Amino acid sequence: MPLSDTRVRTLKPKDKPYKLSDEKGLYLYVTAKSKLWRMAYRFGGKQKTIAFGSYPEVSLSGAREKRDEARKLLADGFDPSEQKKAEKSGKSGVDAAPNEGLSATTFKQIATEWLEKQKAIITPATAVRLESRLERLVYPDIGKMDISKIRPADVLALLMPIEASGRKETAHRLSSIISRISRYAVATLRAESDPTVPLRGALMPYKDRHRAALLTPDDLGEFLRRAKNYRGSLTVVAALMLQALWFVRPGELRKAEWKEFDFENGSWNIPKEKMKMREPHMVPLSTHALDILKGLRKMSVNSIYVFPGTNNADKTISENTVLAALRIMGYKKEEVTGHGFRATARTFLDENLGFRPEVIEMQLAHTVKDHLGRAYNRTHYLEERKKMMQQWSDWLTQLAGVPLVD
């Protein structure tokens, strides 16, 4: 649960220093003499921490503002800790991370520069997809414009025909890309503001056609941090984490039995009787998933189920148990459902990690057919699926900014 002003003010030191999490990586580190604001994050594949000062000199709202500023820098490809060091030394972040293209001023020039930085953290396929969208849908309208002179109306004029054609999701995604490029321009002192900010509410709302799902990296990272800090049973915490890691149907997850897991070969083999399509399914196990399962095994109550009920180990936890946890974590049914993680995974595995749609669909246990109309068997694309599930787990850990398993 997020911190409150009252709780922060009344915190007392303990025998040993301890920390309390707020949101989005921000936490308070309490020692015998101080209450220190910190933010955990990942940059360049490494776990890092940045300090925001001490309480009460820096209030809760002030610490959150600093956190949000740091997260914007991360989204634009900058390490907030290095930016802070550069400011202390009297240099700008630009001086701290020199770039030959800083004299560039047009939207296309700066977008190209931004994309080069993104290539350090996205897959080649995602980079190609981003560049293609910019070339086809953005550059013809604003590519040659000085980025500091682009107005909200210019961006809206670009997006409205796309929206009118029925591609509401595409319009929203393009707005997000333009926003990230614009914030990079602001961070490198070549623009004063992000022209997409006043557009909030100007585009028609886009909602996932299927189940409520988390469809931005920030929201997904926030969910993982809330799940880890959930104060319910460790079984429910593990179920929440594994729902995100595996993106199987909620019923398949809850009814998982220990006998279905092959720890030596790293796989979960779900029998056809439990599958919607009545076909057996295989889920490759990432290192993160294996660590969670090993933790559950240690606290096993001699149940055949991985997620036994609290009062009856001969039954599984109920669907309501997981739904109640989501509500306690602050999510409404319109925001997050267990089934929605399938849409979440499909979106990000394609757009952010660059895996082929047929590989993703196979892992979703959907029927995938060859050019002759024959359905592939459950082991098809297995090596790619193993690689995908590990990269998915690594990426989720990066988004969370904290280890998924202690």
# chains A, B, ... in the order shown; residues from 1 in each chain; ligands from 1
call {"tool": "residues_around", "arguments": {"residues": "A:Arg38", "least_positions_apart": "5", "cutoff": "12 Å", "atoms": "only C-alpha atoms", "output": "PyMOL selection string"}}
result
chain A and resi 19-30+48-55+58+60+63-64+66-67+70+81
call {"tool": "atom_distance", "arguments": {"atom1": "atom CA of A:Ser175", "atom2": "atom CA of A:Ala227"}}
result
29.2 Å
call {"tool": "residues_around", "arguments": {"residues": "stretch 261-270 of chain A", "least_positions_apart": "2", "cutoff": "12 Å", "atoms": "only C-alpha atoms", "output": "PyMOL selection string"}}
result
chain A and resi 246+248-249+251-259+272-291+293-294+297+304-306+363+365+378-379+382-383+385-386+389-390
call {"tool": "closest_atom_pairs", "arguments": {"of": "stretch 105-172 of chain A", "to": "stretch 177-187 of chain A", "cutoff": "8 Å", "atoms": "only C-alpha atoms", "output": "Markdown table"}}
result
| residue | atom | partner | partner_atom | distance |
| --- | --- | --- | --- | --- |
| A:Ile110 | CA | A:Ala185 | CA | 7.0 |
| A:Ala111 | CA | A:Ile181 | CA | 5.8 |
| A:Trp114 | CA | A:Ile181 | CA | 6.4 |
| A:Ile147 | CA | A:Ser182 | CA | 7.5 |
call {"tool": "write_last_selection", "arguments": {"atoms": "N, CA, C and O atoms", "output": "PDB file, in the first residue's frame"}}
result
ATOM      1  N   ILE A 110      15.774  14.404 -34.065  1.00  0.00           N
ATOM      2  CA  ILE A 110      15.788  14.077 -32.635  1.00  0.00           C
ATOM      3  C   ILE A 110      15.182  12.690 -32.392  1.00  0.00           C
ATOM      4  O   ILE A 110      15.660  11.931 -31.535  1.00  0.00           O
ATOM      5  N   ALA A 111      14.156  12.333 -33.181  1.00  0.00           N
ATOM      6  CA  ALA A 111      13.561  11.000 -33.059  1.00  0.00           C
ATOM      7  C   ALA A 111      14.581   9.928 -33.418  1.00  0.00           C
ATOM      8  O   ALA A 111      14.661   8.880 -32.756  1.00  0.00           O
ATOM      9  N   TRP A 114      16.940   9.637 -30.518  1.00  0.00           N
ATOM     10  CA  TRP A 114      16.269   8.953 -29.403  1.00  0.00           C
ATOM     11  C   TRP A 114      16.194   7.457 -29.658  1.00  0.00           C
ATOM     12  O   TRP A 114      16.466   6.644 -28.765  1.00  0.00           O
ATOM     13  N   ILE A 147      11.340  20.855 -33.475  1.00  0.00           N
ATOM     14  CA  ILE A 147      10.580  20.210 -32.404  1.00  0.00           C
ATOM     15  C   ILE A 147      10.101  21.199 -31.355  1.00  0.00           C
ATOM     16  O   ILE A 147       9.057  21.000 -30.726  1.00  0.00           O
TER      17      ILE A 147
END
call {"tool": "atom_distance", "arguments": {"atom1": "atom CA of A:Leu199", "atom2": "atom CA of A:Leu156"}}
result
7.3 Å
call {"tool": "closest_residue", "arguments": {"among": "A:Gln109, A:Thr347, A:Gln243, A:Thr235", "to": "A:Thr316", "atoms": "only C-alpha atoms"}}
result
A:Thr235
call {"tool": "atom_distance", "arguments": {"atom1": "atom CA of A:Leu189", "atom2": "atom CA of A:Ile150"}}
result
14.9 Å
call {"tool": "residues_around", "arguments": {"residues": "A:Val322", "least_positions_apart": "4", "cutoff": "12 Å", "atoms": "only C-alpha atoms", "output": "PyMOL selection string"}}
result
chain A and resi 227+230+232-233+235-243+250-251+253-254+307+309+316-318+326-329+331+333+336-339
